[in-house]
Every structure is written in structure tokens, then in C-alpha cells.
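S.K.: Sharing a structure here in C-alpha cells format.
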Amino acid sequence: MLKKNLHLFEKFIIIIFLLYTGGANILFSKYTPFVLAIVLILYNRYKYSGKTNRLIFLIIIWLLINIISIILFDSTFFYFRILIATIDIIFFPYILIKCFGPSFWNKFETYIFYLTLISIPLFLLNILFTNFFDSLSGYFNSITTQSLAANPNYWSSFFYVNAFIDNGYGIRRNCGFMWEPGGFALIIIFGMILNWLKNGVNIDKRSVVYTLALITTFSTAGYLALFFLVIAIYIKKITLVNSLIVLSFFGIFGASIYNLGFMSDKINTNIEAYNENESKDSETKVNRLLGAKNAILRTFRYPTGKGLLSGQDTDLLKTDLKDGTNGLGSLLETWGFFVFPFLLYLIYKFMKIYNYANLKRPTIVIFFIAFLIMLFSNPISMAVFLYIIIINALVFPFKKPADDEKIAVRVS
């Protein structure tokens, strides 16, 4: 009975964290990982020994980045913000993996799959009964992230989000349990990668569900990432037939998917705006390509990273270079030129560590590229789930799960 209760407790913690990652409900708070970390310390069921000297070194680097940034821009020390952020993105990921080990990712992907699965019928009903779904906002406003609940008809029920996001084409898009369709596409791609790293690259029921849900997001980045993942199916063994299939897929993608209005128009607009060095989105925001360029230019002004410092902390940090929703650019700005490449390496290393299906290196590289595409398009510089990946690869480089934690290679 005790063992059963402990497993239920572990599942509860992971589900709470996943719903927090969704960013659309009241669990989305900087204090949620903080509280979960305290709960796990009290839980005190540590199984996996890690290389804690690496963790301490990363904490020192993180604190130095913030201290240098504060001194460089003549800002006041914000001790509490640094403390909470350090617990959220470094200590909580460490204690989480130390408690659960590799079984965390198995459960995490499983719950991603189930939340993705239930989003498909809910989204179809949402299209058929749009007015009814929109009318539910009054019932769910109290459990929806306050800043998002201010949008018309926006609500989160923890497991599903109702939001009208059309990109000018009148298309209602599937947010799943995430704060917006692009975020849902990110978690779907990550779920697909985890599934294939665990079970091998196959067209199984999970990949079919993930693909169907991804299609309903109408996410440009999601479609591009899926394009690379499809290539991974046929790159396992280079043959004439597989080569022809890959070439045909390139042709189909160019002739059909790319020519969809929300795909080609958005990509062309971003490229045009980048070439003209101007914003196509608003007076204060720029598209992702120009956002990446501006992030690099800003980082040259503080190459060691700005840490948690923002324009609200000091006028010296304000710049004529506009912000954009670019996750990798923000990650670069936060950590600087010296640490940023190492973080990318740790993301790639994580995929090698979790490669229980013993996939070949070209396949892992494709997974890595697909994931970077999604990170490029989402605000992930302080996303806790990304730092769990990083801390896992840095401190817990286990290759095989323990006997009592073995991950099934066959999905029932």
C-alpha cells in the first residue's frame, strides 16, 4: 500500500508540473517549482547519485552572470528574484531527477500523450460549438492565468485551453493544454522525440496522435519540425527506395504544405522584414528572425549574459533594438556567448543519454534540429522544463534505467 501511495504521489507531482508548464492556468507561477522543490525535499526518496560538483559550478556561473550584469549596468541587487529563479531553474530540476531518475521522462511523455489525445476531440467540438465554448470563459476565468484571461473568450480548464488565434486567416487553432498553439506544438514535438528515443522511430499510435494534434495547431515552426522528424523515419537505413521517398516528401512539402497561406505568407513576411530590418508585427515587437538578429546584437553589449536583469531594472539596458519572440535569442542574452553553446550541447547530450532505442547519430541530430526549431519560436529562456533537460544531462548522465525502473520499449 505504501509503495502504491508513493507511485501516486510521484504521478501527482509530475502532473502538477506538466500543468504548470502549460502556462495557461493558475499553477503557472514562479512559486510552483519552488513549492514542489520543498515538497520533494520533504519526500526525501533520493535514488540517483549525481555529479554535484557540476551543479555547484553551474550555480556559481549563474550567480556570476547576474552579479556582473548588475555591476555593469549599475543596478540594485535583487536578491529575492535571484534566489527564486535559481531554485526554479537549477535546484528544482536537480532534486526532481534525483528523486525520480529516468522514470520521470517516461511518465512525463505519457502524460503529454494523454493530454494531447484528449485535445483532439475537444478541439473538434470547439470548432462545431464555438459559441458554447466561448461562453464558458466565465466559469474558468478563476483558474486561468490572469494576464491571459483578459483576452476575449480565453480560458483554461487545466487540461484544455480555448483561445481564438487566427493569424489573419480566420483559423481557430488548437492550444491543447498549453498557453497558445505554438507552445502546444513545442510540447508535441518534444513528446514525439521522447517517444522515438524510447521506442524507436516507428509510425505507432502515439506518433499518429501527436501528428494529428500538431496539424490542428497550424504552427509554422511545428510543421517545419515535423518535416525533419518525418525524414528521421527514412534516414535509419539509406536505400534507393528510402532516398526516393525522402525526395518525394521534399516535393510534396514544397507543393502543398508550404503553399498553405499561413505557412508561405508568414515565412515570406518574416524574411522580407528581416531583409528590410523592420518590424512587420507591431511598433514594439519584431518577428522571430529579426528578433534573433537583435538578440545577437544586444548580446555583444553584454557578452557574459544579462541574467535576470531587464529594462525595468535600469535605463542602461534599454535599446533601440526591438524585442521579438525568439527563444534561442533570449537564452543567448540570458547566459551570454560563453555558456549558451554549452547549454545547446547539453540538450543534444540529453537526447544521447535518453536514446534507449540505440538510434544512430544522424537520427539524433535530426531530433536535435527539430527541437531547436521549436525552441527558436517559443519563449523558453526561463522555461523550467528546458532546464530539467539541461540539468539531467549535466549532473545525471545515466544511460540505462535501474532494473525496477525499466522503460517498456513497446507501447501498449
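Identifiers in this document derive from the order of the C-alpha cells: chains are assigned A, B, ..., residues are numbered from 1 separately in each chain, and ligands are numbered from 1 in order of occurrence.
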Mind running stretch 4-89 of chain A against stretch 108-115 of chain A at 8 Å and telling me each contacting residue's nearest atom pair with the distance in Å (one decimal), counting only C-alpha atoms, chain and number ascending, as JSON lines?
M.R.:
```
{"residue": "A:Ile14", "atom": "CA", "partner": "A:Phe108", "partner_atom": "CA", "distance": 6.6}
{"residue": "A:Ile15", "atom": "CA", "partner": "A:Tyr111", "partner_atom": "CA", "distance": 7.1}
{"residue": "A:Leu18", "atom": "CA", "partner": "A:Phe108", "partner_atom": "CA", "distance": 7.4}
```
S.K.: Contacts of stretch 146-152 of chain A at 10 Å or less, counting only C-alpha atoms, minus same-chain residues fewer than 5 places along, as a ChimeraX atom specification?
M.R.: /A:23-26,28,134,137-138,140-141,163-164,179-180
S.K.: Counting only C-alpha atoms, which residues of stretch 321-347 of chain A fall within 8 Å of stretch 369-383 of chain A, and what is the closest atom pair for each with its distance in Å at one decimal, ordered by chain and rising number, as a tab-separated table?
M.R.:
```
residue	atom	partner	partner_atom	distance
A:Thr325	CA	A:Pro379	CA	6.1
A:Asn326	CA	A:Ser377	CA	5.3
A:Gly327	CA	A:Pro379	CA	4.5
A:Leu328	CA	A:Phe376	CA	5.0
A:Gly329	CA	A:Phe376	CA	7.4
A:Ser330	CA	A:Ser381	CA	5.5
A:Leu331	CA	A:Ser381	CA	4.4
A:Thr334	CA	A:Ser381	CA	7.1
```
S.K.: Please write the residues from the selection above to a file, keeping all heavy atoms, as a PDB file, in the first residue's frame.
M.R.:
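Heads up, here's the output in again_13.pdb:
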```pdb
ATOM      1  N   THR A 325       9.705  37.449 -30.153  1.00  0.00           N
ATOM      2  CA  THR A 325       9.537  36.149 -29.512  1.00  0.00           C
ATOM      3  C   THR A 325      10.518  35.174 -30.129  1.00  0.00           C
ATOM      4  O   THR A 325      10.229  34.517 -31.125  1.00  0.00           O
ATOM      5  CB  THR A 325       8.104  35.628 -29.681  1.00  0.00           C
ATOM      6  OG1 THR A 325       7.203  36.588 -29.169  1.00  0.00           O
ATOM      7  CG2 THR A 325       7.908  34.315 -28.938  1.00  0.00           C
ATOM      8  N   ASN A 326      11.713  35.129 -29.568  1.00  0.00           N
ATOM      9  CA  ASN A 326      12.734  34.226 -30.079  1.00  0.00           C
ATOM     10  C   ASN A 326      13.398  33.545 -28.897  1.00  0.00           C
ATOM     11  O   ASN A 326      14.183  34.165 -28.168  1.00  0.00           O
ATOM     12  CB  ASN A 326      13.763  34.974 -30.927  1.00  0.00           C
ATOM     13  CG  ASN A 326      14.733  34.030 -31.606  1.00  0.00           C
ATOM     14  OD1 ASN A 326      15.668  33.544 -30.995  1.00  0.00           O
ATOM     15  ND2 ASN A 326      14.482  33.745 -32.872  1.00  0.00           N
ATOM     16  N   GLY A 327      13.069  32.271 -28.691  1.00  0.00           N
ATOM     17  CA  GLY A 327      13.534  31.572 -27.507  1.00  0.00           C
ATOM     18  C   GLY A 327      15.037  31.420 -27.426  1.00  0.00           C
ATOM     19  O   GLY A 327      15.642  31.671 -26.377  1.00  0.00           O
ATOM     20  N   LEU A 328      15.661  31.015 -28.521  1.00  0.00           N
ATOM     21  CA  LEU A 328      17.108  30.822 -28.510  1.00  0.00           C
ATOM     22  C   LEU A 328      17.835  32.152 -28.353  1.00  0.00           C
ATOM     23  O   LEU A 328      18.859  32.235 -27.676  1.00  0.00           O
ATOM     24  CB  LEU A 328      17.559  30.117 -29.790  1.00  0.00           C
ATOM     25  CG  LEU A 328      17.116  28.657 -29.936  1.00  0.00           C
ATOM     26  CD1 LEU A 328      17.623  28.073 -31.248  1.00  0.00           C
ATOM     27  CD2 LEU A 328      17.608  27.810 -28.762  1.00  0.00           C
ATOM     28  N   GLY A 329      17.279  33.216 -28.962  1.00  0.00           N
ATOM     29  CA  GLY A 329      17.875  34.533 -28.792  1.00  0.00           C
ATOM     30  C   GLY A 329      17.822  34.994 -27.350  1.00  0.00           C
ATOM     31  O   GLY A 329      18.798  35.537 -26.815  1.00  0.00           O
ATOM     32  N   SER A 330      16.685  34.765 -26.694  1.00  0.00           N
ATOM     33  CA  SER A 330      16.548  35.141 -25.283  1.00  0.00           C
ATOM     34  C   SER A 330      17.468  34.311 -24.398  1.00  0.00           C
ATOM     35  O   SER A 330      18.042  34.815 -23.430  1.00  0.00           O
ATOM     36  CB  SER A 330      15.099  34.967 -24.827  1.00  0.00           C
ATOM     37  OG  SER A 330      14.240  35.807 -25.557  1.00  0.00           O
ATOM     38  N   LEU A 331      17.616  33.027 -24.735  1.00  0.00           N
ATOM     39  CA  LEU A 331      18.524  32.162 -23.977  1.00  0.00           C
ATOM     40  C   LEU A 331      19.957  32.648 -24.116  1.00  0.00           C
ATOM     41  O   LEU A 331      20.729  32.649 -23.147  1.00  0.00           O
ATOM     42  CB  LEU A 331      18.396  30.721 -24.475  1.00  0.00           C
ATOM     43  CG  LEU A 331      19.030  29.628 -23.616  1.00  0.00           C
ATOM     44  CD1 LEU A 331      18.300  29.493 -22.288  1.00  0.00           C
ATOM     45  CD2 LEU A 331      19.023  28.285 -24.353  1.00  0.00           C
ATOM     46  N   THR A 334      20.418  35.775 -22.005  1.00  0.00           N
ATOM     47  CA  THR A 334      20.420  35.481 -20.569  1.00  0.00           C
ATOM     48  C   THR A 334      21.757  34.916 -20.106  1.00  0.00           C
ATOM     49  O   THR A 334      22.298  35.331 -19.072  1.00  0.00           O
ATOM     50  CB  THR A 334      19.294  34.487 -20.237  1.00  0.00           C
ATOM     51  OG1 THR A 334      18.035  35.055 -20.608  1.00  0.00           O
ATOM     52  CG2 THR A 334      19.291  34.153 -18.746  1.00  0.00           C
TER      53      THR A 334
END
```
S.K.: Identify, on the basis of only C-alpha atoms, every residue whose closest approach to A:Gly183 does not exceed 8 Å; exclude the query and any residue fewer than 5 positions from it along the same chain; express the result as a list of chain:residue names.
M.R.: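 Selected residues are A:Gly22, A:Cys175, A:Met178, A:Asn378.
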S.K.: Can those selected residues be exported to a file as a PDB file, in the first residue's frame so that it contains all heavy atoms?
M.R.:
```
ATOM      1  N   GLY A  22       2.160  24.175 -18.885  1.00  0.00           N
ATOM      2  CA  GLY A  22       1.169  24.660 -19.837  1.00  0.00           C
ATOM      3  C   GLY A  22       1.041  26.170 -19.859  1.00  0.00           C
ATOM      4  O   GLY A  22       0.678  26.756 -20.890  1.00  0.00           O
ATOM      5  N   CYS A 175      -4.817  24.824 -28.965  1.00  0.00           N
ATOM      6  CA  CYS A 175      -3.804  25.122 -27.946  1.00  0.00           C
ATOM      7  C   CYS A 175      -3.536  23.926 -27.035  1.00  0.00           C
ATOM      8  O   CYS A 175      -2.570  23.953 -26.257  1.00  0.00           O
ATOM      9  CB  CYS A 175      -4.247  26.302 -27.086  1.00  0.00           C
ATOM     10  SG  CYS A 175      -4.512  27.841 -27.974  1.00  0.00           S
ATOM     11  N   MET A 178      -1.707  23.925 -23.458  1.00  0.00           N
ATOM     12  CA  MET A 178      -0.665  24.955 -23.407  1.00  0.00           C
ATOM     13  C   MET A 178      -1.256  26.342 -23.608  1.00  0.00           C
ATOM     14  O   MET A 178      -2.387  26.498 -24.042  1.00  0.00           O
ATOM     15  CB  MET A 178       0.401  24.667 -24.459  1.00  0.00           C
ATOM     16  CG  MET A 178       1.104  23.322 -24.291  1.00  0.00           C
ATOM     17  SD  MET A 178       2.121  23.222 -22.798  1.00  0.00           S
ATOM     18  CE  MET A 178       3.530  24.230 -23.273  1.00  0.00           C
ATOM     19  N   ASN A 378       9.657  29.847 -29.452  1.00  0.00           N
ATOM     20  CA  ASN A 378       8.901  29.938 -28.201  1.00  0.00           C
ATOM     21  C   ASN A 378       9.725  30.613 -27.108  1.00  0.00           C
ATOM     22  O   ASN A 378      10.958  30.471 -27.089  1.00  0.00           O
ATOM     23  CB  ASN A 378       8.482  28.536 -27.738  1.00  0.00           C
ATOM     24  CG  ASN A 378       7.325  27.982 -28.536  1.00  0.00           C
ATOM     25  OD1 ASN A 378       6.167  28.274 -28.274  1.00  0.00           O
ATOM     26  ND2 ASN A 378       7.625  27.170 -29.548  1.00  0.00           N
TER      27      ASN A 378
END
```
S.K.: I'd like the interatomic distance between atom CA of A:Thr86 and atom CA of A:Asn355, to a tenth of an Å.
M.R.: 28.7 Å
S.K.: Do you have the atom CA of A:Thr216-atom CA of A:Leu122 distance handy?
M.R.: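 Those two atoms sit 11.4 Å apart.
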S.K.: Counting only C-alpha atoms, what is within 8 Å of stretch 386-391 of chain A, bar same-chain residues fewer than 6 positions away, as a VMD selection string?
M.R.: chain A and resid 55 89 to 90 93 to 94 97 343 346 to 347 350 380
S.K.: Take the residues just selected and output them with N, CA and C atoms as a compact mmCIF listing (two decimals), in the first residue's frame.
M.R.:
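Result written to out-v4.txt:
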```
# COMPACT_ATOMS: atom_id res chain seq x y z
N LEU A 55 26.86 20.70 -10.66
CA LEU A 55 25.72 21.54 -10.31
C LEU A 55 26.20 22.80 -9.59
N ILE A 89 15.08 27.07 -11.76
CA ILE A 89 15.70 26.54 -12.98
C ILE A 89 16.91 25.66 -12.73
N ILE A 90 17.42 25.63 -11.51
CA ILE A 90 18.61 24.80 -11.24
C ILE A 90 18.35 23.78 -10.14
N PRO A 93 15.03 21.32 -10.84
CA PRO A 93 15.34 20.24 -11.80
C PRO A 93 16.27 19.18 -11.22
N TYR A 94 17.25 19.63 -10.42
CA TYR A 94 18.19 18.68 -9.82
C TYR A 94 17.47 17.74 -8.85
N ILE A 97 15.01 15.15 -10.71
CA ILE A 97 15.65 13.99 -11.34
C ILE A 97 16.32 13.11 -10.29
N LEU A 343 24.99 25.04 -23.23
CA LEU A 343 23.61 24.65 -22.97
C LEU A 343 23.03 23.87 -24.15
N LEU A 346 24.33 20.41 -24.06
CA LEU A 346 23.68 19.59 -23.04
C LEU A 346 22.31 19.09 -23.52
N ILE A 347 21.61 19.91 -24.31
CA ILE A 347 20.33 19.46 -24.88
C ILE A 347 20.56 18.28 -25.81
N PHE A 350 21.49 15.22 -23.77
CA PHE A 350 20.32 14.60 -23.16
C PHE A 350 19.69 13.59 -24.11
N ILE A 380 11.47 30.45 -24.17
CA ILE A 380 11.92 29.34 -23.32
C ILE A 380 13.14 29.68 -22.46
```
S.K.: Skipping near chain neighbours, those fewer than 5 positions away, what residues fall within 8 Å of stretch 187-196 of chain A using only C-alpha atoms, listed as a ChimeraX atom specification?
M.R.: /A:105,109,112-113,116,201-202,206-207,210,213-214,222,225-226,354,357,367,370-371,374
S.K.: Excluding A:Ile41 and any residue of its chain fewer than 5 positions from it, enumerate the residues within 9 Å of it, using only C-alpha atoms, and give them as JSON, numbers by chain.
M.R.: {"A": [36, 95, 99]}
S.K.: Write to file, as an mmCIF file, in the first residue's frame, the residues of the selection just made, with C-alpha atoms.
M.R.:
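To be explicit, this is the file written out as out.cif:
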```cif
data_model
loop_
_atom_site.group_PDB
_atom_site.id
_atom_site.type_symbol
_atom_site.label_atom_id
_atom_site.label_comp_id
_atom_site.auth_asym_id
_atom_site.auth_seq_id
_atom_site.Cartn_x
_atom_site.Cartn_y
_atom_site.Cartn_z
ATOM 1 C CA LEU A 36 7.420 21.467 -5.494
ATOM 2 C CA ILE A 95 16.013 17.472 -6.937
ATOM 3 C CA CYS A 99 14.100 11.702 -6.774
#
```
S.K.: I need the residue nearest A:Ser69 from this list: A:Pro303, A:Pro397, A:Pro341, A:Pro362. Use only C-alpha atoms for the distance.
M.R.: A:Pro303
S.K.: Quick one: residues within 10 Å of A:Ser49, only C-alpha atoms counted, chain neighbours fewer than 5 positions away excluded, as a PyMOL selection string?
M.R.: chain A and resi 97-99+101+395-396+398
S.K.: If you run DSSP on the backbone, which residues of stretch 28-274 of chain A are strand (DSSP E), as a JSON list (two decimals) with N, CA, C and O atoms, in the first residue's frame?
M.R.:
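Written output follows (selection.json):
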```
[["chain", "number", "residue", "atom", "x", "y", "z"],
["A", 155, "TRP", "N", -9.89, 30.92, -21.96],
["A", 155, "TRP", "CA", -9.98, 30.23, -20.68],
["A", 155, "TRP", "C", -9.19, 28.92, -20.71],
["A", 155, "TRP", "O", -8.95, 28.34, -21.76],
["A", 156, "SER", "N", -8.82, 28.50, -19.52],
["A", 156, "SER", "CA", -8.12, 27.22, -19.36],
["A", 156, "SER", "C", -8.86, 26.39, -18.32],
["A", 156, "SER", "O", -9.23, 26.88, -17.26],
["A", 161, "VAL", "N", -7.37, 24.47, -23.41],
["A", 161, "VAL", "CA", -7.41, 25.93, -23.49],
["A", 161, "VAL", "C", -8.25, 26.36, -24.68],
["A", 161, "VAL", "O", -8.08, 25.84, -25.79],
["A", 162, "ASN", "N", -9.16, 27.28, -24.43],
["A", 162, "ASN", "CA", -9.99, 27.85, -25.50],
["A", 162, "ASN", "C", -9.44, 29.24, -25.84],
["A", 162, "ASN", "O", -9.40, 30.13, -24.99]]
```
S.K.: To one decimal place in Å, what is the distance between atom CA of A:Tyr345 and atom CA of A:Val365?
M.R.: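 We find that atom CA of A:Tyr345 and atom CA of A:Val365 lie 11.3 Å from each other.
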S.K.: Would you list, as a list of chain:residue names, the residues of stretch 346-381 of chain A that end up in alpha helix (DSSP H) under DSSP run on this structure's backbone?
M.R.: A:Leu346, A:Ile347, A:Tyr348, A:Lys349, A:Phe350, A:Met351, A:Lys352, A:Ile353, A:Arg361, A:Pro362, A:Thr363, A:Ile364, A:Val365, A:Ile366, A:Phe367, A:Phe368, A:Ile369, A:Ala370, A:Phe371, A:Leu372, A:Ile373, A:Met374, A:Leu375, A:Phe376
